[in-house]
>>> print(open('model_20.txt').read())   # compact mmCIF, C-alpha atoms and all ligand atoms
# COMPACT_ATOMS: atom_id res chain seq x y z
CA MET A 1 0.00 0.00 0.00
CA SER A 2 1.42 3.42 -0.97
CA TRP A 3 2.00 6.16 1.58
CA TYR A 4 -0.99 8.18 0.42
CA SER A 5 -3.25 5.10 0.43
CA LYS A 6 -2.38 4.68 4.10
CA ILE A 7 -3.49 8.27 4.69
CA TYR A 8 -6.76 7.65 2.80
CA VAL A 9 -7.47 4.47 4.79
CA PHE A 10 -6.76 6.30 8.06
CA VAL A 11 -9.07 9.19 7.11
CA ARG A 12 -11.84 6.75 6.04
CA GLU A 13 -11.61 4.83 9.31
CA TYR A 14 -11.42 8.03 11.34
CA ARG A 15 -14.48 9.45 9.56
CA LYS A 16 -16.52 6.38 10.48
CA ARG A 17 -15.81 7.02 14.17
CA HIS A 18 -15.90 10.84 14.07
CA PRO A 19 -18.25 11.98 11.28
CA PHE A 20 -17.93 15.73 11.89
CA THR A 21 -14.19 16.18 12.44
CA GLY A 22 -13.67 13.45 9.83
CA ILE A 23 -15.11 15.74 7.16
CA ILE A 24 -12.34 18.27 7.82
CA LEU A 25 -9.69 15.59 7.39
CA HIS A 26 -11.49 14.35 4.28
CA LEU A 27 -11.39 17.85 2.75
CA MET A 28 -7.69 18.11 3.56
CA LEU A 29 -7.07 15.25 1.13
CA ASN A 30 -7.47 17.93 -1.55
CA ALA A 31 -4.33 19.71 -0.30
CA MET A 32 -2.23 18.80 -3.36
CA LEU A 33 -5.01 19.83 -5.74
CA CYS A 34 -5.31 23.20 -3.94
CA LEU A 35 -1.53 23.60 -4.11
CA GLN A 36 -1.70 22.99 -7.85
CA ILE A 37 -4.48 25.57 -8.31
CA CYS A 38 -2.50 28.14 -6.29
CA GLY A 39 0.51 27.47 -8.56
CA ILE A 40 -1.68 27.93 -11.66
CA VAL A 41 -3.07 31.27 -10.39
CA TYR A 42 0.39 32.52 -9.40
CA GLY A 43 1.90 31.45 -12.74
CA TYR A 44 -0.97 33.12 -14.63
CA TYR A 45 -0.51 36.42 -12.78
CA CYS A 46 3.25 36.46 -13.38
CA TYR A 47 2.97 35.61 -17.08
CA VAL A 48 0.06 37.83 -18.12
CA PHE A 49 0.52 40.86 -15.88
CA LEU A 50 4.30 40.95 -15.46
CA THR A 51 5.94 39.11 -18.38
CA CYS A 52 3.52 40.27 -21.09
CA PHE A 53 2.17 43.60 -19.84
CA TYR A 54 5.37 44.89 -18.20
CA TRP A 55 8.50 43.24 -19.59
CA LEU A 56 7.71 42.54 -23.24
CA GLN A 57 7.66 45.49 -25.62
CA SER A 58 6.30 44.36 -29.00
CA GLY A 59 2.50 44.49 -29.32
CA ILE A 60 2.41 41.73 -31.96
CA GLN A 61 4.66 39.49 -29.90
CA ILE A 62 2.48 40.00 -26.82
CA ALA A 63 -0.72 39.25 -28.78
CA ILE A 64 0.72 36.01 -30.23
CA TYR A 65 2.06 34.89 -26.84
CA LEU A 66 -1.24 35.59 -25.12
CA VAL A 67 -3.27 33.65 -27.72
CA ILE A 68 -1.00 30.58 -27.45
CA TYR A 69 -0.81 30.84 -23.67
CA HIS A 70 -4.56 31.12 -23.19
CA SER A 71 -5.30 28.30 -25.67
CA LEU A 72 -3.03 25.91 -23.76
CA CYS A 73 -4.31 27.21 -20.42
CA PHE A 74 -7.93 26.65 -21.50
CA MET A 75 -7.29 23.10 -22.75
CA ALA A 76 -5.30 22.13 -19.64
CA ILE A 77 -7.88 23.46 -17.18
CA TRP A 78 -10.77 21.97 -19.16
CA SER A 79 -9.00 18.58 -19.11
CA LEU A 80 -8.30 18.87 -15.38
CA PHE A 81 -11.94 19.79 -14.74
CA MET A 82 -13.17 16.76 -16.73
CA THR A 83 -10.72 14.45 -14.93
CA ILE A 84 -12.07 15.56 -11.58
CA VAL A 85 -15.82 15.66 -12.32
CA THR A 86 -16.02 12.39 -14.30
CA PRO A 87 -17.44 9.76 -11.94
CA ILE A 88 -15.15 6.87 -10.97
CA SER A 89 -16.00 3.72 -12.95
CA ARG A 90 -17.39 1.25 -10.42
CA VAL A 91 -18.06 -2.43 -11.08
CA PRO A 92 -21.61 -3.08 -12.37
CA ALA A 93 -24.16 -4.85 -10.17
CA GLU A 94 -24.12 -8.16 -12.06
CA TYR A 95 -20.54 -8.78 -10.88
CA HIS A 96 -21.54 -8.51 -7.21
CA ALA A 97 -22.01 -11.87 -5.50
CA ASP A 98 -25.26 -12.66 -3.73
CA ASN A 99 -25.11 -13.29 0.02
CA ASP A 100 -25.27 -17.06 -0.39
CA THR A 101 -22.32 -17.22 -2.83
CA ASP A 102 -20.29 -14.80 -0.76
CA ALA A 103 -20.89 -16.78 2.45
CA LYS A 104 -19.99 -20.10 0.78
CA LEU A 105 -16.80 -18.63 -0.64
CA LYS A 106 -15.70 -17.05 2.61
CA ALA A 107 -16.42 -20.29 4.47
CA CYS A 108 -13.66 -22.02 2.48
CA THR A 109 -11.11 -19.18 2.61
CA PRO A 110 -8.49 -18.67 5.36
CA VAL A 111 -9.37 -15.68 7.54
CA THR A 112 -7.64 -13.76 10.32
CA GLY A 113 -9.88 -11.31 12.13
CA GLU A 114 -11.90 -9.64 9.40
CA ARG A 115 -9.29 -10.11 6.69
CA TYR A 116 -9.37 -12.96 4.17
CA PHE A 117 -6.22 -14.53 2.75
CA PRO A 118 -7.19 -16.52 -0.36
CA ASP A 119 -3.50 -17.01 -1.26
CA GLN A 120 -3.05 -19.12 1.88
CA SER A 121 -5.72 -21.59 0.75
CA ASP A 122 -4.83 -25.28 0.49
CA ALA A 123 -5.53 -27.39 -2.62
CA ASN A 124 -9.00 -28.47 -1.44
CA GLN A 125 -10.00 -24.92 -0.63
CA VAL A 126 -8.78 -23.69 -4.03
CA GLU A 127 -10.82 -26.38 -5.74
CA GLU A 128 -13.92 -25.45 -3.74
CA GLN A 129 -13.42 -21.73 -4.41
CA ASN A 130 -12.99 -22.43 -8.11
CA LYS A 131 -16.25 -24.35 -8.20
CA ILE A 132 -18.16 -21.56 -6.45
CA LEU A 133 -16.67 -18.77 -8.55
CA ASN A 134 -17.07 -20.53 -11.88
CA THR A 135 -20.65 -21.53 -11.11
CA PHE A 136 -21.47 -17.96 -10.18
CA ALA A 137 -19.82 -16.59 -13.35
CA MET A 138 -21.69 -19.06 -15.54
CA GLU A 139 -25.04 -18.37 -13.91
CA ARG A 140 -24.60 -14.66 -14.55
CA GLY A 141 -23.16 -15.17 -18.04
CA LEU A 142 -19.96 -13.33 -17.12
CA THR A 143 -16.77 -13.94 -19.07
CA PHE A 144 -13.19 -13.25 -18.03
CA VAL A 145 -9.73 -13.76 -19.39
CA GLU A 146 -7.78 -12.84 -16.26
CA VAL A 147 -7.16 -15.19 -13.35
CA ASP A 148 -5.03 -15.05 -10.21
CA HIS A 149 -1.92 -17.08 -9.42
CA PHE A 150 -4.08 -20.06 -8.41
CA ASN A 151 -5.89 -19.97 -11.76
CA ARG A 152 -9.05 -18.77 -10.00
CA LEU A 153 -11.34 -16.02 -11.16
CA ARG A 154 -10.41 -12.87 -9.27
CA TYR A 155 -12.69 -12.15 -6.35
CA CYS A 156 -12.61 -9.11 -4.07
CA TYR A 157 -13.31 -10.16 -0.49
CA GLN A 158 -13.85 -6.54 0.54
CA CYS A 159 -16.40 -5.59 -2.13
CA ASN A 160 -17.82 -9.14 -2.50
CA LEU A 161 -17.61 -9.17 -6.28
CA LEU A 162 -15.92 -10.87 -9.19
CA LYS A 163 -13.42 -8.42 -10.60
CA PRO A 164 -13.87 -7.75 -14.32
CA ASP A 165 -10.68 -7.98 -16.39
CA ARG A 166 -8.32 -5.10 -15.55
CA ALA A 167 -10.41 -4.03 -12.55
CA HIS A 168 -8.59 -3.63 -9.22
CA HIS A 169 -9.44 -2.68 -5.69
CA CYS A 170 -8.36 0.89 -4.93
CA SER A 171 -7.27 0.98 -1.29
CA SER A 172 -7.50 4.78 -1.28
CA CYS A 173 -11.16 4.83 -2.41
CA GLY A 174 -12.06 1.56 -0.65
CA PHE A 175 -13.80 -0.12 -3.59
CA CYS A 176 -13.07 -1.88 -6.88
CA VAL A 177 -12.56 0.30 -9.95
CA VAL A 178 -13.01 -0.71 -13.60
CA LYS A 179 -9.74 -0.61 -15.59
CA PHE A 180 -8.00 0.88 -12.59
CA ASP A 181 -4.90 2.85 -13.47
CA HIS A 182 -3.88 4.51 -10.20
CA HIS A 183 -5.20 6.77 -7.49
CA CYS A 184 -3.73 10.22 -8.10
CA PRO A 185 -3.06 12.27 -4.94
CA TRP A 186 -2.43 15.38 -7.10
CA ILE A 187 -6.11 15.50 -8.02
CA ASN A 188 -7.47 13.36 -5.15
CA LYS A 189 -9.18 11.04 -7.58
CA CYS A 190 -8.98 7.57 -9.05
CA VAL A 191 -7.76 7.48 -12.64
CA SER A 192 -9.65 4.71 -14.42
CA VAL A 193 -11.30 3.84 -17.70
CA ARG A 194 -13.64 6.84 -17.94
CA ASN A 195 -11.29 9.68 -17.01
CA TYR A 196 -7.96 8.27 -18.22
CA LYS A 197 -8.19 10.16 -21.53
CA PHE A 198 -8.87 13.43 -19.69
CA PHE A 199 -6.01 12.79 -17.29
CA LEU A 200 -3.61 12.19 -20.19
CA LEU A 201 -4.81 15.33 -21.97
CA TYR A 202 -4.31 17.30 -18.76
CA ILE A 203 -0.70 16.23 -18.39
CA PHE A 204 -0.12 16.77 -22.13
CA TYR A 205 -1.59 20.29 -22.30
CA GLY A 206 -0.23 21.06 -18.84
CA THR A 207 3.31 20.20 -19.93
CA MET A 208 2.96 22.24 -23.15
CA TRP A 209 1.50 25.16 -21.22
CA VAL A 210 4.23 25.24 -18.59
CA ALA A 211 6.99 24.69 -21.18
CA PHE A 212 5.66 27.54 -23.35
CA ASP A 213 5.46 29.85 -20.33
CA LEU A 214 9.02 28.94 -19.41
CA LEU A 215 10.55 29.42 -22.86
CA SER A 216 8.70 32.63 -23.71
CA SER A 217 9.62 34.15 -20.33
CA LEU A 218 13.36 33.66 -20.70
CA GLU A 219 13.55 37.03 -22.50
CA VAL A 220 12.61 38.66 -19.19
CA ILE A 221 15.98 37.63 -17.71
CA ILE A 222 17.84 39.42 -20.53
CA ARG A 223 15.65 42.50 -20.24
CA PHE A 224 16.22 42.59 -16.49
CA ALA A 225 19.99 42.28 -16.94
CA LEU A 226 19.92 45.30 -19.31
CA SER A 227 17.59 47.35 -17.15
CA ASP A 228 18.03 49.64 -14.20
CA HIS A 229 17.84 47.03 -11.42
CA LYS A 230 16.73 49.50 -8.78
CA ASN A 231 13.37 50.11 -10.42
CA THR A 232 12.70 46.71 -11.95
CA TRP A 233 13.67 44.06 -9.39
CA LYS A 234 10.23 44.14 -7.72
CA ARG A 235 8.66 42.99 -10.96
CA PHE A 236 11.45 40.59 -11.75
CA VAL A 237 11.56 38.51 -8.57
CA PRO A 238 7.97 37.10 -8.92
CA VAL A 239 8.69 36.16 -12.56
CA LEU A 240 11.92 34.46 -11.49
CA GLY A 241 9.97 32.54 -8.82
CA ALA A 242 7.46 31.42 -11.45
CA LEU A 243 10.31 30.35 -13.74
CA PHE A 244 11.81 28.15 -11.03
CA MET A 245 8.36 26.69 -10.36
CA HIS A 246 7.89 25.94 -14.06
CA VAL A 247 11.32 24.34 -14.39
CA ALA A 248 10.42 22.03 -11.52
CA PHE A 249 6.92 21.23 -12.79
CA THR A 250 7.95 20.72 -16.40
CA TYR A 251 10.25 17.95 -15.28
CA TYR A 252 8.15 16.53 -12.44
CA PRO A 253 5.41 15.57 -12.22
CA LEU A 254 4.20 16.74 -15.63
CA GLY A 255 7.03 15.86 -18.03
CA GLU A 256 7.90 12.62 -16.34
CA LEU A 257 4.24 11.54 -16.15
CA LEU A 258 3.69 12.40 -19.80
CA HIS A 259 6.63 10.28 -20.90
CA TYR A 260 5.63 7.42 -18.59
CA HIS A 261 1.98 7.30 -19.68
CA ALA A 262 2.80 7.66 -23.39
CA LYS A 263 4.79 4.43 -23.03
CA LEU A 264 2.01 2.76 -21.05
CA VAL A 265 -0.62 3.58 -23.69
CA TRP A 266 1.76 2.42 -26.43
CA ASP A 267 1.94 -1.00 -24.72
CA ASN A 268 -1.70 -0.94 -23.56
CA GLU A 269 -0.77 -1.24 -19.91
CA THR A 270 -2.01 0.50 -16.82
CA THR A 271 0.18 1.85 -14.02
CA CYS A 272 -1.17 -0.95 -11.84
CA GLU A 273 -0.36 -3.61 -14.45
CA GLN A 274 3.22 -2.35 -14.74
CA ALA A 275 3.74 -3.36 -11.14
CA LYS A 276 1.62 -6.52 -11.36
CA PRO A 277 1.17 -7.85 -14.91
CA PRO A 278 -2.19 -9.50 -15.64
CA LEU A 279 -2.38 -13.28 -15.85
CA ILE A 280 -4.37 -14.40 -18.86
CA ARG A 281 -5.88 -17.83 -18.36
CA GLY A 282 -4.20 -20.47 -20.48
CA GLU A 283 -1.22 -18.40 -21.67
CA SER A 284 1.11 -16.57 -19.34
CA ARG A 285 2.67 -14.59 -22.24
CA ALA A 286 -0.64 -13.18 -23.51
CA ASN A 287 -1.31 -9.48 -22.98
CA TYR A 288 -3.55 -6.58 -24.04
CA ASN A 289 -1.07 -5.05 -26.47
CA ILE A 290 -3.03 -4.97 -29.74
CA THR A 291 -0.74 -2.68 -31.80
CA PRO A 292 0.06 0.94 -30.91
CA TYR A 293 -2.65 2.49 -33.12
CA ARG A 294 -5.44 0.45 -31.56
CA ASN A 295 -3.94 0.79 -28.08
CA TYR A 296 -4.09 4.58 -28.42
CA ARG A 297 -7.53 4.39 -29.96
CA SER A 298 -8.85 2.35 -27.04
CA VAL A 299 -7.85 5.21 -24.74
CA PHE A 300 -8.56 8.29 -26.87
CA GLY A 301 -11.59 6.90 -28.66
CA TRP A 302 -13.04 8.10 -31.90
CA GLY A 303 -12.58 11.49 -33.61
CA LEU A 304 -12.26 14.15 -30.97
CA TRP A 305 -9.18 12.60 -29.38
CA ALA A 306 -7.57 15.96 -28.70
CA PHE A 307 -10.51 17.33 -26.72
CA PRO A 308 -11.52 16.33 -23.19
CA VAL A 309 -14.96 15.06 -24.16
CA PRO A 310 -16.13 11.44 -23.79
CA THR A 311 -15.33 9.43 -26.94
CA PRO A 312 -15.26 5.82 -25.69
CA VAL A 313 -14.87 2.80 -27.95
CA ILE A 314 -14.60 0.22 -25.15
CA ASP A 315 -17.00 -0.76 -22.39
CA GLY A 316 -14.22 -1.10 -19.82
CA LEU A 317 -15.20 -4.68 -18.94
CA HIS A 318 -14.02 -6.70 -21.97
CA TYR A 319 -10.75 -6.40 -23.86
CA HIS A 320 -9.00 -7.75 -26.90
CA VAL A 321 -6.12 -10.04 -26.03
CA ARG A 322 -3.03 -11.03 -27.97
CA TYR A 323 -1.64 -14.52 -27.70
CA PRO A 324 1.85 -15.48 -28.85
CA ASP A 325 2.21 -18.32 -31.29
CA ASP A 326 5.02 -20.72 -30.56
CA TYR A 327 5.19 -22.15 -34.06
CA ASN A 328 5.87 -19.21 -36.36
CA GLY A 329 6.34 -16.25 -34.07
CA GLU A 330 3.18 -14.52 -35.27
CA ARG A 331 0.75 -13.17 -32.77
CA TYR A 332 -2.96 -13.65 -32.96
CA GLU A 333 -5.50 -11.24 -31.70
CA VAL A 334 -8.73 -12.38 -30.18
CA VAL A 335 -11.69 -10.76 -28.59
CA CYS A 336 -13.33 -11.70 -25.36
CA ARG A 337 -16.55 -13.52 -25.89
CA GLY A 338 -19.74 -12.65 -24.09
CA HIS A 339 -22.13 -9.76 -23.76
CA GLY A 340 -20.99 -6.22 -24.44
CA SER A 341 -17.60 -7.22 -25.75
CA GLY A 342 -15.03 -4.42 -25.76
CA GLU A 343 -14.45 -2.28 -28.80
CA SER A 344 -16.77 -2.46 -31.76
CA ASP A 345 -15.45 -4.95 -34.25
CA ASN A 346 -16.53 -3.00 -37.32
CA ASN A 347 -12.96 -2.16 -38.15
CA ASN A 348 -11.72 -5.67 -37.53
CA SER A 349 -13.16 -7.01 -40.72
CA LYS A 350 -11.11 -4.42 -42.61
CA SER A 351 -7.87 -5.28 -40.91
CA LYS A 352 -5.29 -7.28 -42.76
CA SER A 353 -5.19 -10.90 -41.77
CA LYS A 354 -1.73 -12.30 -41.20
CA SER A 355 -2.96 -15.12 -39.01
CA LYS A 356 -3.45 -18.63 -40.12
CA SER A 357 -5.64 -19.36 -37.12
CA LYS A 358 -6.94 -17.61 -34.09
CA THR A 359 -7.43 -18.45 -30.50
CA ASP A 360 -10.62 -18.14 -28.55
CA VAL A 361 -10.72 -16.80 -25.04
CA PRO A 362 -11.68 -19.35 -22.43
CA ALA A 363 -14.95 -18.54 -20.73
CA GLY A 364 -15.01 -18.07 -16.99
CA GLY A 365 -16.52 -21.45 -16.44
CA ASP A 366 -13.62 -23.90 -16.61
CA ALA A 367 -10.84 -24.18 -14.10
CA GLN A 368 -7.96 -25.52 -16.15
CA PRO A 369 -4.26 -25.36 -15.40
CA PRO A 370 -2.40 -22.80 -17.49
CA THR A 371 -1.97 -24.78 -20.69
CA PRO A 372 -1.98 -23.48 -24.27
CA THR A 373 -5.41 -22.23 -25.20
CA PRO A 374 -7.33 -24.48 -27.57
CA LEU A 375 -7.81 -23.21 -31.10
CA THR A 376 -11.48 -22.76 -31.81
CA THR A 377 -13.77 -20.32 -33.57
CA PRO A 378 -12.01 -17.47 -35.38
CA ILE A 379 -13.20 -14.15 -34.03
CA MET A 380 -11.02 -11.38 -35.32
CA THR A 381 -7.63 -10.71 -36.76
CA GLN A 382 -5.12 -7.94 -36.96
ZN ZN A 401 -12.84 -4.34 -4.03
ZN ZN A 402 -9.08 5.48 -5.83
>>> encode(input="model_20.txt", output="structure tokens")
Amino acid sequence: MSWYSKIYVFVREYRKRHPFTGIILHLMLNAMLCLQICGIVYGYYCYVFLTCFYWLQSGIQIAIYLVIYHSLCFMAIWSLFMTIVTPISRVPAEYHADNDTDAKLKACTPVTGERYFPDQSDANQVEEQNKILNTFAMERGLTFVEVDHFNRLRYCYQCNLLKPDRAHHCSSCGFCVVKFDHHCPWINKCVSVRNYKFFLLYIFYGTMWVAFDLLSSLEVIIRFALSDHKNTWKRFVPVLGALFMHVAFTYYPLGELLHYHAKLVWDNETTCEQAKPPLIRGESRANYNITPYRNYRSVFGWGLWAFPVPTPVIDGLHYHVRYPDDYNGERYEVVCRGHGSGESDNNNSKSKSKSKSKTDVPAGGDAQPPTPTPLTTPIMTQ
């Protein structure tokens, strides 16, 4: 558990016992967001009122700078706003176990106090858990490709639900989140399937905004050096402070995050999966990497990819998977079977087929050891 998750858990527990004072602590979790907003306001004042309206001399130059600056500022703040106000993607009701299933499962799982330890189960318990979980998944018509290290469907003993593929329990929020990426303390919000695009756009426009401010303000240092220091230092020191702040923010967290997430989207991974790669049933080398173009498309959606508006092409619950082929080194792409499968397959029929065969994703119903997946009905190709 990360350091900030520990703070969130403490505040949540404290709030249960002390509802009124707990609200104050809960609001204080927004400290880093408030700090960010203060930095934005300070940077805006320094750039517009000091750099542009005091230090720069050319009217055309000022007009061009202000247009670029305000365009980037608008896009960054719009993206930040959308990241914050978009509701966290919670697991749908059909994945929640009924009381009977939950009780049966917990009865055959090692427990200490109120905490369950499914990884400490013996072989008989694993078999029993598998039976219960697979029966439940089949009854509900739920399909999964991910399993845990015991080849079981993934169950959250805190939320009492079967975790959809790529869903994880957020210890900061205290519940399971669909396509969980990470919980971001800078915005006090979970980054998951619905707001990931907005989060990426925020760090992209934010980095561009801060970098533009930094580069276009460097002229101020030269002008100050050539000026009469006695009369100008009062207007120079705040700009210098903003420049230092921008240097720091351009590198971290913005620049570093931008580089890190660009790589993650390229490989179709989440921050969480980088630390703990998903286990695809039947093939330990399978993953969600379905070519960079489609990886980016699954995040940025259709058309208006550059704007922080919802443009989803996936449902967040089902994903295309790529399996390696041992015989000729080619990789075959498949789609998860079942209701509401991920991205629309309209474009799949147009894609070039290099595959000689395709694999089908095992349904959630069978508890097999991780052996090569049987070749069955062709579904899609890349
Ligand atoms: Zn959970
Ligand atoms: Zn969270």
>>> residues_around(input="model_20.txt", residues="Asp267 of chain A", least_positions_apart="2", cutoff="8 Å", atoms="all atoms listed in the file", output="list of chain:residue names")
A:Lys263, A:Leu264, A:Val265, A:Glu269, A:Tyr288, A:Asn289, A:Thr291, A:Pro292, A:Asn295
>>> atom_distance(input="model_20.txt", atom1="atom CA of Arg322 of chain A", atom2="atom CA of Gln274 of chain A")
17.0 Å
>>> residues_near_ligand(input="model_20.txt", ligand="ligand ZN 402 (chain A)", cutoff="8 Å", atoms="only C-alpha atoms and all ligand atoms", output="ChimeraX atom specification")
/A:170-175,177,182-184,189-191
>>> residues_near_ligand(input="model_20.txt", ligand="ligand ZN 401 (chain A)", cutoff="8 Å", atoms="all atoms listed in the file", output="list in words")
Cys156, Tyr157, Gln158, Cys159, Asn160, Leu161, Lys163, His168, His169, Cys170, Gly174, Phe175, Cys176 and Val177 of chain A
>>> closest_residue(input="model_20.txt", among="A:Phe199, A:Phe136, A:Tyr54, A:Tyr319", to="Ser79 of chain A", atoms="only C-alpha atoms")
A:Phe199
>>> closest_residue(input="model_20.txt", among="A:Trp186, A:Trp305, A:Tyr260, A:Phe236", to="Leu35 of chain A", atoms="only C-alpha atoms")
A:Trp186
>>> closest_residue(input="model_20.txt", among="A:Leu254, A:Leu218, A:Ala76, A:Leu50", to="Leu201 of chain A", atoms="all atoms listed in the file")
A:Ala76
>>> atom_distance(input="model_20.txt", atom1="atom CA of Val239 of chain A", atom2="atom CA of Cys38 of chain A")
15.1 Å
>>> residues_around(input="model_20.txt", residues="Cys52 of chain A", least_positions_apart="4", cutoff="12 Å", atoms="all atoms listed in the file", output="list in words")
Tyr44, Tyr45, Cys46, Tyr47, Val48, Leu56, Gln57, Ser58, Gly59, Ile60, Gln61, Ile62, Ala63, Ile64, Tyr65, Leu66, Val67, Tyr69, Asp213, Ser216, Ser217, Leu218, Glu219, Val220, Arg235 and Val239 of chain A
>>> atom_distance(input="model_20.txt", atom1="atom CA of Ile187 of chain A", atom2="atom CA of Leu80 of chain A")
8.4 Å
>>> closest_residue(input="model_20.txt", among="A:Asp228, A:Glu273, A:Gly282, A:Phe204", to="Leu72 of chain A", atoms="all atoms listed in the file")
A:Phe204
>>> closest_residue(input="model_20.txt", among="A:Glu283, A:Asn134, A:Thr83, A:Phe53", to="Val193 of chain A", atoms="only C-alpha atoms")
A:Thr83
